[in-house]
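Beneath this line is the structure, given in structure tokens, with notes to follow.
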Amino acid sequence: QSCRWKFALTEEKRPGEYFPIEEDPDGDTILSSYDLCALPVLDELIEAGVTSLKIEGRMKTPYYVAGAVNAYRMYLDGGSREDSMRELCSISHRPYSTGFYLGEIKNSVHAPAYYFKDCDYLGPVIARKGDRATVMVKNKLSEGTQVEALTPGKILCFAAQDLRTPDGESIAEARVPDSLFTLPVPGGVEAGCFLRLRPAYGAAGGS
């Protein structure tokens with residue numbers, strides 16, 4: 001993607017001459033943009049008559065799209081802006097910007113090339129049978145760790161206990177990427193939901 005490329009400048013009357021772009025500690029990837037965020041101006045957009053929002057999902061994972069959509073849905077359903085921004089900060093993102101929404105560009109280009117996130121993605125819920133869910137491992141989970149389940153319209157929190165392999169063998173942790181394990185989950189956690197770990201709980205996995 002262009003945000004990963006390095007660039008040099010050419011001047012119209014000097015074809016073939018390439019001038020370096022000033023580099024900062026993050027490099028010279030000048031097209032690394034901030035992530036556009038409309039949440040701070042969502043009330044104004046609604047007041048202006050906007051009835052449909054498009055959330056960018058190109059080159060994003062289903063987990064990212066679910067988190068972003070959920071954050072806006074929570075606010076539109078009467079939740080607080082603070083809770084919705086917390087959700088947007090839970091998923092992988094560059095610094096957020098309102099871009100041109102307020103009449104002039106604000107913090108929209110030359111963002112850091114790296115991303116931020118407040119949560120580590122644990123994995124998708126593949127199936128549910130009775131009170132147990134089958135999950136595909138994306139980051140390590142240890143017994144006793146607090147888990148957040150991203151479900152439509154709300155976040156459900158519970159402690160990871162009684163971890164087992166699909167064959168029913170008890171395990172202390174699930175750590176092999178893309179392997180499956182099962183654990184008890186509360187009502188509302190169904191196939192298609194996403195589980196995540198918040199490092200503040202003290203037992204999150206890698207990026």
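As shown in the structure tokens, the chain order sets the letters A, B, ...; within each chain, residues go from 1, and ligands are also counted from 1 in the order they appear.
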*Within range 17-172 of chain A, find each residue whose DSSP state, derived from the backbone, is strand (DSSP E), and express the selection as an NGL selection string.*
:A and (17-20 or 35-36 or 96-97 or 120-129 or 132-136 or 141-142 or 146-151 or 154-159)
Range 66-145 of chain A residues near range 168-187 of chain A within 6 Å, closest pair each, using only C-alpha atoms, as a Markdown table:
| residue | atom | partner | partner_atom | distance |
| --- | --- | --- | --- | --- |
| A:Asp131 | CA | A:Pro184 | CA | 5.5 |
| A:Arg132 | CA | A:Pro184 | CA | 4.2 |
| A:Ala133 | CA | A:Thr182 | CA | 5.4 |
| A:Thr134 | CA | A:Thr182 | CA | 4.4 |
| A:Val135 | CA | A:Phe181 | CA | 5.5 |
| A:Met136 | CA | A:Leu180 | CA | 4.6 |
| A:Val137 | CA | A:Asp178 | CA | 5.0 |
| A:Lys138 | CA | A:Pro177 | CA | 5.2 |
| A:Lys140 | CA | A:Arg175 | CA | 4.2 |
| A:Leu141 | CA | A:Ala174 | CA | 5.2 |
| A:Ser142 | CA | A:Glu173 | CA | 4.2 |
| A:Glu143 | CA | A:Ala172 | CA | 5.5 |
Based on the selection just made, write N, CA and C atoms of those residues as a tab-separated table (two decimals), in the first residue's frame.
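Dumped everything to again25.tsv:
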chain	number	residue	atom	x	y	z
A	131	ASP	N	-23.10	-24.75	27.11
A	131	ASP	CA	-22.51	-23.56	27.69
A	131	ASP	C	-21.05	-23.37	27.27
A	132	ARG	N	-20.57	-24.15	26.29
A	132	ARG	CA	-19.18	-24.07	25.88
A	132	ARG	C	-19.06	-23.56	24.44
A	133	ALA	N	-18.00	-22.80	24.21
A	133	ALA	CA	-17.73	-22.27	22.88
A	133	ALA	C	-16.41	-22.83	22.38
A	134	THR	N	-16.34	-23.05	21.08
A	134	THR	CA	-15.09	-23.43	20.43
A	134	THR	C	-14.47	-22.20	19.82
A	135	VAL	N	-13.21	-21.94	20.15
A	135	VAL	CA	-12.52	-20.72	19.74
A	135	VAL	C	-11.25	-21.08	18.98
A	136	MET	N	-10.92	-20.30	17.94
A	136	MET	CA	-9.66	-20.45	17.23
A	136	MET	C	-8.63	-19.51	17.83
A	137	VAL	N	-7.49	-20.04	18.21
A	137	VAL	CA	-6.47	-19.26	18.91
A	137	VAL	C	-5.75	-18.30	17.96
A	138	LYS	N	-5.71	-17.03	18.32
A	138	LYS	CA	-4.89	-16.04	17.63
A	138	LYS	C	-3.84	-15.44	18.56
A	140	LYS	N	-2.26	-16.05	22.84
A	140	LYS	CA	-2.26	-16.99	23.97
A	140	LYS	C	-3.29	-16.60	25.02
A	141	LEU	N	-3.96	-17.62	25.55
A	141	LEU	CA	-4.91	-17.43	26.65
A	141	LEU	C	-4.55	-18.39	27.78
A	142	SER	N	-4.44	-17.85	28.99
A	142	SER	CA	-4.14	-18.67	30.16
A	142	SER	C	-5.36	-18.79	31.06
A	143	GLU	N	-5.42	-19.87	31.78
A	143	GLU	CA	-6.51	-20.09	32.73
A	143	GLU	C	-6.60	-18.91	33.71
*Which residue of A:Thr98, A:Thr10, A:Thr151, A:Thr165 approaches Tyr34 in chain A most closely, using only C-alpha atoms*: A:Thr98
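Distances from A:Gly153, A:Gly57, A:Pro166, A:Pro15 to Asn70 in chain A were compared using only C-alpha atoms, and the smallest one belongs to A:Gly153.
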*Give me, please, the distance in Å between CA of Glu11 in chain A and CA of Pro112 in chain A, quoted to one decimal.*
26.6 Å
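Nearest-residue note for Arg73 in chain A: choosing from A:Pro152, A:Pro40, A:Pro199, A:Gly188, the minimum distance belongs to A:Pro152, counting only C-alpha atoms.
If you measure from each of A:Tyr101, A:Phe158, A:Tyr121, A:Tyr114 to Tyr64 in chain A using only C-alpha atoms, the closest one turns out to be A:Tyr121.
Of note, CA of Arg81 in chain A and CA of Gly192 in chain A are spaced 25.7 Å apart.
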